[in-house]
file model-v6.cif (mmCIF, C-alpha atoms)
data_start
#
loop_
_atom_site.group_PDB
_atom_site.id
_atom_site.type_symbol
_atom_site.label_atom_id
_atom_site.label_comp_id
_atom_site.auth_asym_id
_atom_site.auth_seq_id
_atom_site.Cartn_x
_atom_site.Cartn_y
_atom_site.Cartn_z
ATOM 1 C CA MET Z 1 106.172 4.013 -208.890
ATOM 2 C CA THR Z 2 102.451 3.338 -208.428
ATOM 3 C CA ASP Z 3 100.466 0.768 -206.484
ATOM 4 C CA ARG Z 4 97.192 -0.180 -208.130
ATOM 5 C CA GLN Z 5 94.392 -1.575 -206.042
ATOM 6 C CA PRO Z 6 92.353 -4.629 -207.000
ATOM 7 C CA GLU Z 7 89.329 -3.851 -209.132
ATOM 8 C CA THR Z 8 86.993 -4.965 -206.315
ATOM 9 C CA SER Z 9 88.233 -2.301 -203.911
ATOM 10 C CA ARG Z 10 87.503 0.768 -206.017
ATOM 11 C CA GLY Z 11 86.210 3.620 -203.889
ATOM 12 C CA SER Z 12 84.133 6.553 -205.056
ATOM 13 C CA VAL Z 13 85.426 9.822 -206.484
ATOM 14 C CA LEU Z 14 83.998 13.280 -205.876
ATOM 15 C CA VAL Z 15 84.809 15.852 -208.553
ATOM 16 C CA ALA Z 16 83.662 19.200 -207.186
ATOM 17 C CA GLY Z 17 83.632 21.777 -209.937
ATOM 18 C CA ALA Z 18 82.504 20.215 -213.204
ATOM 19 C CA GLY Z 19 80.280 21.239 -216.069
ATOM 20 C CA SER Z 20 81.017 21.003 -219.768
ATOM 21 C CA ILE Z 21 82.095 17.700 -221.269
ATOM 22 C CA GLN Z 22 85.023 19.699 -222.678
ATOM 23 C CA GLY Z 23 86.310 20.645 -219.240
ATOM 24 C CA VAL Z 24 88.847 19.405 -216.717
ATOM 25 C CA GLY Z 25 86.179 18.142 -214.304
ATOM 26 C CA ALA Z 26 84.603 15.912 -216.949
ATOM 27 C CA ALA Z 27 88.036 14.678 -218.027
ATOM 28 C CA ILE Z 28 88.902 13.680 -214.447
ATOM 29 C CA THR Z 29 85.541 11.936 -214.185
ATOM 30 C CA ARG Z 30 86.226 10.021 -217.394
ATOM 31 C CA ARG Z 31 89.765 9.013 -216.337
ATOM 32 C CA PHE Z 32 88.740 7.577 -212.980
ATOM 33 C CA GLY Z 33 85.453 6.210 -214.274
ATOM 34 C CA ARG Z 34 87.048 4.108 -216.952
ATOM 35 C CA GLU Z 35 89.070 2.361 -214.224
ATOM 36 C CA GLY Z 36 85.905 1.264 -212.450
ATOM 37 C CA HIS Z 37 85.352 4.101 -209.971
ATOM 38 C CA SER Z 38 81.876 5.505 -209.375
ATOM 39 C CA VAL Z 39 82.105 9.281 -209.725
ATOM 40 C CA LEU Z 40 79.947 11.978 -208.164
ATOM 41 C CA MET Z 41 80.308 14.956 -210.486
ATOM 42 C CA ALA Z 42 79.207 18.179 -208.785
ATOM 43 C CA GLY Z 43 78.859 21.708 -210.132
ATOM 44 C CA ARG Z 44 76.660 24.771 -210.219
ATOM 45 C CA ASN Z 45 75.317 24.538 -213.778
ATOM 46 C CA GLU Z 46 72.806 21.691 -213.695
ATOM 47 C CA GLU Z 47 72.137 21.797 -217.430
ATOM 48 C CA LYS Z 48 75.813 21.362 -218.316
ATOM 49 C CA LEU Z 49 76.211 18.671 -215.668
ATOM 50 C CA LEU Z 50 73.331 16.607 -217.010
ATOM 51 C CA THR Z 51 74.537 16.944 -220.598
ATOM 52 C CA ALA Z 52 78.087 15.934 -219.688
ATOM 53 C CA ALA Z 53 76.872 13.060 -217.510
ATOM 54 C CA ALA Z 54 74.704 11.683 -220.309
ATOM 55 C CA GLU Z 55 77.671 11.607 -222.679
ATOM 56 C CA LEU Z 56 79.937 10.008 -220.082
ATOM 57 C CA LYS Z 57 77.322 7.371 -219.264
ATOM 58 C CA ALA Z 58 77.086 6.544 -222.961
ATOM 59 C CA ASP Z 59 80.812 5.754 -222.762
ATOM 60 C CA GLY Z 60 80.235 3.375 -219.866
ATOM 61 C CA ILE Z 61 81.213 5.712 -217.024
ATOM 62 C CA ASP Z 62 79.334 5.301 -213.732
ATOM 63 C CA VAL Z 63 78.748 9.011 -213.162
ATOM 64 C CA HIS Z 64 76.214 10.714 -210.907
ATOM 65 C CA PRO Z 65 75.615 14.457 -211.464
ATOM 66 C CA LEU Z 66 74.646 16.737 -208.599
ATOM 67 C CA ALA Z 67 74.045 20.485 -208.728
ATOM 68 C CA VAL Z 68 75.686 22.215 -205.751
ATOM 69 C CA ASP Z 69 77.211 25.515 -204.680
ATOM 70 C CA LEU Z 70 80.596 24.786 -203.097
ATOM 71 C CA SER Z 71 80.509 28.036 -201.136
ATOM 72 C CA ARG Z 72 77.568 26.585 -199.157
ATOM 73 C CA PRO Z 73 78.757 24.034 -196.573
ATOM 74 C CA GLU Z 74 75.427 22.229 -196.541
ATOM 75 C CA ASP Z 75 75.685 21.655 -200.319
ATOM 76 C CA VAL Z 76 79.218 20.292 -199.976
ATOM 77 C CA ARG Z 77 78.207 17.943 -197.172
ATOM 78 C CA ARG Z 78 75.386 16.683 -199.370
ATOM 79 C CA ALA Z 79 77.849 15.997 -202.198
ATOM 80 C CA VAL Z 80 80.242 14.112 -199.908
ATOM 81 C CA GLU Z 81 77.382 12.044 -198.489
ATOM 82 C CA ALA Z 82 76.169 11.217 -202.011
ATOM 83 C CA ALA Z 83 79.650 10.099 -203.066
ATOM 84 C CA GLN Z 84 80.079 8.015 -199.904
ATOM 85 C CA ALA Z 85 76.744 6.323 -200.622
ATOM 86 C CA LEU Z 86 78.124 5.057 -203.957
ATOM 87 C CA ALA Z 87 81.219 3.473 -202.383
ATOM 88 C CA PRO Z 88 83.699 4.458 -199.658
ATOM 89 C CA LEU Z 89 85.041 7.876 -200.648
ATOM 90 C CA GLU Z 90 88.569 7.538 -201.993
ATOM 91 C CA ILE Z 91 89.382 10.877 -203.584
ATOM 92 C CA ALA Z 92 87.908 14.375 -203.522
ATOM 93 C CA VAL Z 93 88.935 16.945 -206.121
ATOM 94 C CA HIS Z 94 88.339 20.685 -205.801
ATOM 95 C CA ASN Z 95 88.204 21.966 -209.367
ATOM 96 C CA ALA Z 96 85.800 24.870 -208.949
ATOM 97 C CA GLY Z 97 86.071 28.583 -209.469
ATOM 98 C CA SER Z 98 86.092 30.929 -212.402
ATOM 99 C CA ASN Z 99 88.275 33.888 -213.327
ATOM 100 C CA ARG Z 100 86.964 37.328 -214.231
ATOM 101 C CA PRO Z 101 89.970 39.636 -214.660
ATOM 102 C CA ALA Z 102 89.463 43.384 -214.344
ATOM 103 C CA PRO Z 103 91.498 46.512 -213.552
ATOM 104 C CA PHE Z 104 91.837 46.667 -209.787
ATOM 105 C CA LEU Z 105 90.227 50.099 -209.344
ATOM 106 C CA GLU Z 106 87.232 48.948 -211.384
ATOM 107 C CA GLN Z 107 86.660 45.752 -209.432
ATOM 108 C CA ALA Z 108 83.926 45.962 -206.838
ATOM 109 C CA GLU Z 109 84.274 44.493 -203.373
ATOM 110 C CA ASP Z 110 81.566 41.905 -204.014
ATOM 111 C CA GLU Z 111 83.463 40.618 -207.051
ATOM 112 C CA PHE Z 112 86.602 40.193 -204.952
ATOM 113 C CA GLU Z 113 84.545 38.323 -202.361
ATOM 114 C CA THR Z 114 82.928 36.130 -205.025
ATOM 115 C CA HIS Z 115 86.345 34.946 -206.217
ATOM 116 C CA TRP Z 116 87.319 34.176 -202.620
ATOM 117 C CA ARG Z 117 84.107 32.232 -202.004
ATOM 118 C CA GLU Z 118 84.491 30.146 -205.174
ATOM 119 C CA HIS Z 119 88.132 29.218 -204.675
ATOM 120 C CA ALA Z 120 89.259 29.605 -201.062
ATOM 121 C CA LEU Z 121 85.994 29.051 -199.200
ATOM 122 C CA GLY Z 122 84.926 26.312 -201.617
ATOM 123 C CA GLY Z 123 88.195 24.487 -201.013
ATOM 124 C CA TYR Z 124 87.819 24.914 -197.260
ATOM 125 C CA ASN Z 125 84.264 23.554 -197.336
ATOM 126 C CA LEU Z 126 85.290 20.517 -199.379
ATOM 127 C CA ALA Z 127 88.193 19.776 -197.046
ATOM 128 C CA ARG Z 128 85.996 20.119 -193.935
ATOM 129 C CA ALA Z 129 83.380 17.770 -195.349
ATOM 130 C CA SER Z 130 85.604 15.178 -197.019
ATOM 131 C CA LEU Z 131 88.558 14.746 -194.649
ATOM 132 C CA PRO Z 132 86.592 13.133 -191.780
ATOM 133 C CA VAL Z 133 85.104 10.680 -194.276
ATOM 134 C CA LEU Z 134 88.444 9.886 -195.896
ATOM 135 C CA LEU Z 135 89.948 9.266 -192.481
ATOM 136 C CA SER Z 136 87.045 7.139 -191.270
ATOM 137 C CA ASN Z 137 87.302 4.982 -194.384
ATOM 138 C CA GLY Z 138 90.614 3.696 -193.065
ATOM 139 C CA ALA Z 139 93.102 5.544 -195.246
ATOM 140 C CA ASP Z 140 96.635 4.327 -194.810
ATOM 141 C CA GLY Z 141 98.170 5.670 -198.036
ATOM 142 C CA ASN Z 142 99.679 2.294 -198.930
ATOM 143 C CA GLN Z 143 97.929 -0.985 -199.752
ATOM 144 C CA GLY Z 144 94.571 -0.358 -198.069
ATOM 145 C CA GLN Z 145 91.994 2.281 -198.889
ATOM 146 C CA ARG Z 146 93.685 5.145 -200.688
ATOM 147 C CA ALA Z 147 92.740 8.692 -199.746
ATOM 148 C CA SER Z 148 93.507 11.817 -201.727
ATOM 149 C CA LEU Z 149 92.376 15.417 -201.622
ATOM 150 C CA ILE Z 150 93.486 17.359 -204.691
ATOM 151 C CA PHE Z 151 93.062 21.075 -205.406
ATOM 152 C CA THR Z 152 93.233 22.630 -208.865
ATOM 153 C CA GLY Z 153 95.424 25.723 -208.922
ATOM 154 C CA ALA Z 154 96.562 28.121 -211.625
ATOM 155 C CA SER Z 155 99.342 30.526 -212.560
ATOM 156 C CA GLY Z 156 97.617 32.960 -210.221
ATOM 157 C CA SER Z 157 98.326 30.620 -207.310
ATOM 158 C CA LEU Z 158 102.000 31.595 -207.595
ATOM 159 C CA ARG Z 159 101.982 35.187 -208.799
ATOM 160 C CA GLY Z 160 99.584 38.084 -209.072
ATOM 161 C CA ASN Z 161 99.551 39.598 -212.544
ATOM 162 C CA ALA Z 162 97.993 42.966 -213.367
ATOM 163 C CA GLY Z 163 94.225 42.729 -213.590
ATOM 164 C CA PHE Z 164 94.087 39.445 -211.675
ATOM 165 C CA ALA Z 165 94.051 40.718 -208.080
ATOM 166 C CA ALA Z 166 90.863 38.945 -207.001
ATOM 167 C CA PHE Z 167 91.693 35.675 -208.744
ATOM 168 C CA SER Z 168 95.291 35.578 -207.517
ATOM 169 C CA ALA Z 169 94.329 36.410 -203.932
ATOM 170 C CA ALA Z 170 91.800 33.577 -203.913
ATOM 171 C CA LYS Z 171 94.056 31.047 -205.640
ATOM 172 C CA GLY Z 172 96.969 31.933 -203.369
ATOM 173 C CA ALA Z 173 94.763 31.281 -200.355
ATOM 174 C CA LEU Z 174 93.747 27.903 -201.775
ATOM 175 C CA ARG Z 175 97.394 26.957 -202.328
ATOM 176 C CA ASN Z 176 98.335 27.814 -198.747
ATOM 177 C CA LEU Z 177 95.330 25.856 -197.514
ATOM 178 C CA SER Z 178 96.555 22.799 -199.421
ATOM 179 C CA GLN Z 179 100.018 23.099 -197.873
ATOM 180 C CA SER Z 180 98.623 23.337 -194.357
ATOM 181 C CA LEU Z 181 96.339 20.356 -194.901
ATOM 182 C CA ALA Z 182 99.160 18.301 -196.409
ATOM 183 C CA ARG Z 183 101.299 18.838 -193.315
ATOM 184 C CA GLU Z 184 98.445 17.958 -190.975
ATOM 185 C CA PHE Z 185 96.774 15.071 -192.778
ATOM 186 C CA GLY Z 186 99.610 13.541 -194.780
ATOM 187 C CA PRO Z 187 100.905 11.769 -191.654
ATOM 188 C CA LYS Z 188 97.377 10.423 -191.169
ATOM 189 C CA GLY Z 189 97.340 8.796 -194.601
ATOM 190 C CA VAL Z 190 95.616 11.414 -196.766
ATOM 191 C CA HIS Z 191 97.555 12.570 -199.808
ATOM 192 C CA VAL Z 192 96.848 16.296 -200.177
ATOM 193 C CA ALA Z 193 98.098 17.768 -203.442
ATOM 194 C CA HIS Z 194 97.862 21.045 -205.341
ATOM 195 C CA VAL Z 195 98.049 21.145 -209.147
ATOM 196 C CA VAL Z 196 99.200 24.391 -210.759
ATOM 197 C CA ILE Z 197 97.764 24.590 -214.269
ATOM 198 C CA ASP Z 198 100.048 27.151 -215.861
ATOM 199 C CA GLY Z 199 98.669 27.939 -219.300
ATOM 200 C CA GLY Z 200 95.517 27.996 -221.379
ATOM 201 C CA ILE Z 201 93.322 24.901 -221.332
ATOM 202 C CA ASN Z 202 92.020 23.434 -224.561
ATOM 203 C CA GLY Z 203 88.458 23.339 -223.304
ATOM 204 C CA GLU Z 204 85.106 25.032 -223.615
ATOM 205 C CA ARG Z 205 85.644 27.795 -221.030
ATOM 206 C CA LEU Z 206 88.651 29.345 -222.765
ATOM 207 C CA LEU Z 207 87.831 28.589 -226.388
ATOM 208 C CA SER Z 208 84.248 29.865 -226.132
ATOM 209 C CA LYS Z 209 85.777 33.281 -225.439
ATOM 210 C CA ARG Z 210 88.948 33.073 -227.534
ATOM 211 C CA PRO Z 211 88.568 30.388 -230.223
ATOM 212 C CA GLU Z 212 91.547 31.752 -232.145
ATOM 213 C CA LEU Z 213 93.940 30.528 -229.461
ATOM 214 C CA ARG Z 214 93.790 26.939 -230.688
ATOM 215 C CA ASP Z 215 95.385 27.955 -233.985
ATOM 216 C CA SER Z 216 97.662 30.708 -232.707
ATOM 217 C CA ARG Z 217 99.236 28.559 -229.974
ATOM 218 C CA GLY Z 218 100.057 25.733 -232.367
ATOM 219 C CA GLU Z 219 99.977 21.982 -231.818
ATOM 220 C CA ASP Z 220 99.793 21.134 -228.106
ATOM 221 C CA GLY Z 221 100.158 24.811 -227.236
ATOM 222 C CA LEU Z 222 97.132 24.560 -224.953
ATOM 223 C CA LEU Z 223 96.785 22.035 -222.141
ATOM 224 C CA ASN Z 224 94.888 18.923 -223.180
ATOM 225 C CA ILE Z 225 92.136 18.140 -220.660
ATOM 226 C CA ASP Z 226 92.733 14.388 -220.774
ATOM 227 C CA ALA Z 227 96.461 14.901 -220.213
ATOM 228 C CA ILE Z 228 95.610 16.997 -217.142
ATOM 229 C CA ALA Z 229 93.312 14.248 -215.869
ATOM 230 C CA GLU Z 230 96.103 11.711 -216.321
ATOM 231 C CA ALA Z 231 98.241 13.757 -213.910
ATOM 232 C CA TYR Z 232 95.478 13.556 -211.274
ATOM 233 C CA TRP Z 233 95.290 9.798 -211.732
ATOM 234 C CA THR Z 234 99.062 9.539 -211.289
ATOM 235 C CA LEU Z 235 99.016 11.698 -208.154
ATOM 236 C CA HIS Z 236 96.365 9.522 -206.576
ATOM 237 C CA HIS Z 237 98.386 6.359 -207.234
ATOM 238 C CA GLN Z 238 101.777 7.549 -206.045
ATOM 239 C CA HIS Z 239 103.564 5.405 -203.487
ATOM 240 C CA ARG Z 240 103.373 7.074 -200.091
ATOM 241 C CA SER Z 241 107.176 7.097 -199.797
ATOM 242 C CA ALA Z 242 107.274 9.661 -202.626
ATOM 243 C CA TRP Z 243 104.126 11.793 -202.541
ATOM 244 C CA THR Z 244 103.970 15.014 -204.553
ATOM 245 C CA GLN Z 245 102.453 17.955 -202.725
ATOM 246 C CA GLU Z 246 102.553 20.404 -205.627
ATOM 247 C CA LEU Z 247 102.658 19.606 -209.326
ATOM 248 C CA ASP Z 248 102.829 22.209 -212.068
ATOM 249 C CA LEU Z 249 101.559 21.501 -215.578
ATOM 250 C CA ARG Z 250 102.141 23.664 -218.638
ATOM 251 C CA PRO Z 251 102.383 23.242 -222.421
ATOM 252 C CA TRP Z 252 105.843 22.488 -223.798
ATOM 253 C CA SER Z 253 105.929 25.911 -225.484
ATOM 254 C CA GLU Z 254 104.674 27.976 -222.526
ATOM 255 C CA SER Z 255 107.135 30.492 -221.129
ATOM 256 C CA PHE Z 256 107.577 30.633 -217.359
#

call {"tool": "encode", "arguments": {"input": "model-v6.cif", "output": "structure tokens"}}
result
Amino acid sequence: MTDRQPETSRGSVLVAGAGSIQGVGAAITRRFGREGHSVLMAGRNEEKLLTAAAELKADGIDVHPLAVDLSRPEDVRRAVEAAQALAPLEIAVHNAGSNRPAPFLEQAEDEFETHWREHALGGYNLARASLPVLLSNGADGNQGQRASLIFTGASGSLRGNAGFAAFSAAKGALRNLSQSLAREFGPKGVHVAHVVIDGGINGERLLSKRPELRDSRGEDGLLNIDAIAEAYWTLHHQHRSAWTQELDLRPWSESF
């Protein structure tokens, strides 16, 4: 069951962690943008952001790119303020952080810390900056201003596979953060959710490294970015009597 707001009450969306047009961040931007939301699309790679934003604008999406580093609180505050200036902030999405697997004994301390800063600290910074704004906008989780804070997780959020120590430690921290925030801010009207993306994504990041996967996995064997974005849209529009805190997404053929 979903409750859709009138077109005139659309708030702004902040997608923190976006780049390529063939990525999850751009897909989320497109999904919310085509429903009339203004979207602040933030990421570290300004060139990719501008290219993706130009293509989205050509499709009629009201998108505003902003280059930021989510591990820097001042950058995150700037992104939240920019989104709020477009329209009252309605949803913030943490979709940032890369994965650089390596044998544990070959992984330097600074690489472990970098993973933590991208995922755990970035999520913390976004929550610290966005939650006061979401609350002040009058979130009630029902028929008034909606308010959602959604974190993108991964298989590593649930289990630590060999070679993924840094990534799994960071993603596990982000998952626990989402659970704590859901318990604290859910009763105040903010829907905090964590999305476990369990499988390869049919996007630029994966296929630029392993293009053969598209053929070897078969039809729909990789997660479609627009299908992922549809899940975020659904989460944001859930009735508050039946909110999902954690949602896992995987291809139909993925083992788990």

call {"tool": "closest_residue", "arguments": {"input": "model-v6.cif", "among": "Z:Gly33, Z:Gln179, Z:Ala27, Z:Gly200", "to": "Ser216 in chain Z", "atoms": "all atoms listed in the file"}}
result
Z:Gly200

call {"tool": "residues_around", "arguments": {"input": "model-v6.cif", "residues": "Asp226 in chain Z", "least_positions_apart": "5", "cutoff": "10 Å", "atoms": "only C-alpha atoms", "output": "VMD selection string"}}
result
chain Z and resid 22 to 28 30 to 31 202 231 to 232

call {"tool": "residues_around", "arguments": {"input": "model-v6.cif", "residues": "range 72-81 of chain Z", "least_positions_apart": "4", "cutoff": "12 Å", "atoms": "all atoms listed in the file", "output": "JSON, numbers by chain"}}
result
{"Z": [12, 13, 14, 15, 16, 17, 39, 40, 41, 42, 43, 44, 64, 65, 66, 67, 68, 85, 86, 87, 88, 89, 90, 91, 92, 93, 94, 117, 118, 121, 122, 123, 124, 125, 126, 127, 128, 129, 130, 131, 132, 133, 134]}

call {"tool": "closest_residue", "arguments": {"input": "model-v6.cif", "among": "Z:Leu135, Z:Ala58, Z:Ile225, Z:Val192", "to": "Gln245 in chain Z", "atoms": "only C-alpha atoms"}}
result
Z:Val192

call {"tool": "resolve_selection", "arguments": {"input": "model-v6.cif", "expression": "the PyMOL selection byres ((chain Z and resi 193) around 7)", "output": "JSON, numbers by chain"}}
result
{"Z": [149, 150, 151, 178, 191, 192, 194, 195, 244, 245, 246]}

call {"tool": "write_last_selection", "arguments": {"input": "model-v6.cif", "atoms": "C-alpha atoms", "output": "mmCIF file, in the frame of the given file"}}
result
data_model
loop_
_atom_site.group_PDB
_atom_site.id
_atom_site.type_symbol
_atom_site.label_atom_id
_atom_site.label_comp_id
_atom_site.auth_asym_id
_atom_site.auth_seq_id
_atom_site.Cartn_x
_atom_site.Cartn_y
_atom_site.Cartn_z
ATOM 1 C CA LEU Z 149 92.376 15.417 -201.622
ATOM 2 C CA ILE Z 150 93.486 17.359 -204.691
ATOM 3 C CA PHE Z 151 93.062 21.075 -205.406
ATOM 4 C CA SER Z 178 96.555 22.799 -199.421
ATOM 5 C CA HIS Z 191 97.555 12.570 -199.808
ATOM 6 C CA VAL Z 192 96.848 16.296 -200.177
ATOM 7 C CA HIS Z 194 97.862 21.045 -205.341
ATOM 8 C CA VAL Z 195 98.049 21.145 -209.147
ATOM 9 C CA THR Z 244 103.970 15.014 -204.553
ATOM 10 C CA GLN Z 245 102.453 17.955 -202.725
ATOM 11 C CA GLU Z 246 102.553 20.404 -205.627
#

call {"tool": "atom_distance", "arguments": {"input": "model-v6.cif", "atom1": "CA of Leu70 in chain Z", "atom2": "CA of Ala96 in chain Z"}}
result
7.8 Å

call {"tool": "residues_around", "arguments": {"input": "model-v6.cif", "residues": "Gly138 in chain Z", "least_positions_apart": "6", "cutoff": "10 Å", "atoms": "all atoms listed in the file", "output": "list in words"}}
result
Pro88, Glu90, Gly144, Gln145, Arg146, Ala147, Lys188, Gly189 and Val190 of chain Z

call {"tool": "atom_distance", "arguments": {"input": "model-v6.cif", "atom1": "CA of Glu254 in chain Z", "atom2": "CA of Ala162 in chain Z"}}
result
18.8 Å

call {"tool": "residues_around", "arguments": {"input": "model-v6.cif", "residues": "Ala154 in chain Z", "least_positions_apart": "2", "cutoff": "9 Å", "atoms": "all atoms listed in the file", "output": "list in words"}}
result
Thr152, Gly156, Ser157, Leu158, Ser168, Lys171, Val195, Val196, Ile197, Asp198, Gly199 and Asp248 of chain Z

call {"tool": "atom_distance", "arguments": {"input": "model-v6.cif", "atom1": "CA of Ser180 in chain Z", "atom2": "CA of His237 in chain Z"}}
result
21.3 Å

call {"tool": "residues_around", "arguments": {"input": "model-v6.cif", "residues": "Arg100 in chain Z", "least_positions_apart": "4", "cutoff": "10 Å", "atoms": "all atoms listed in the file", "output": "NGL selection string"}}
result
:Z and (107 or 111-112 or 115 or 163-167)

call {"tool": "build_atoms", "arguments": {"input": "model-v6.cif", "residues": "range 48-59 of chain Z", "atoms": "N, CA and C atoms", "output": "compact mmCIF listing (two decimals), in the coordinates of the input"}}
result
# COMPACT_ATOMS: atom_id res chain seq x y z
N LYS Z 48 74.55 21.87 -217.80
CA LYS Z 48 75.81 21.36 -218.32
C LYS Z 48 76.18 20.03 -217.67
N LEU Z 49 75.92 19.91 -216.37
CA LEU Z 49 76.21 18.67 -215.67
C LEU Z 49 75.45 17.50 -216.27
N LEU Z 50 74.16 17.69 -216.49
CA LEU Z 50 73.33 16.61 -217.01
C LEU Z 50 73.75 16.23 -218.43
N THR Z 51 74.09 17.22 -219.23
CA THR Z 51 74.54 16.94 -220.60
C THR Z 51 75.84 16.17 -220.60
N ALA Z 52 76.80 16.62 -219.77
CA ALA Z 52 78.09 15.93 -219.69
C ALA Z 52 77.92 14.52 -219.14
N ALA Z 53 77.08 14.37 -218.11
CA ALA Z 53 76.87 13.06 -217.51
C ALA Z 53 76.26 12.08 -218.51
N ALA Z 54 75.34 12.56 -219.32
CA ALA Z 54 74.70 11.68 -220.31
C ALA Z 54 75.73 11.17 -221.31
N GLU Z 55 76.64 12.03 -221.73
CA GLU Z 55 77.67 11.61 -222.68
C GLU Z 55 78.65 10.64 -222.03
N LEU Z 56 79.02 10.90 -220.79
CA LEU Z 56 79.94 10.01 -220.08
C LEU Z 56 79.29 8.64 -219.83
N LYS Z 57 78.02 8.64 -219.47
CA LYS Z 57 77.32 7.37 -219.26
C LYS Z 57 77.26 6.56 -220.54
N ALA Z 58 77.10 7.24 -221.68
CA ALA Z 58 77.09 6.54 -222.96
C ALA Z 58 78.41 5.86 -223.24
N ASP Z 59 79.49 6.36 -222.62
CA ASP Z 59 80.81 5.75 -222.76
C ASP Z 59 81.09 4.71 -221.68
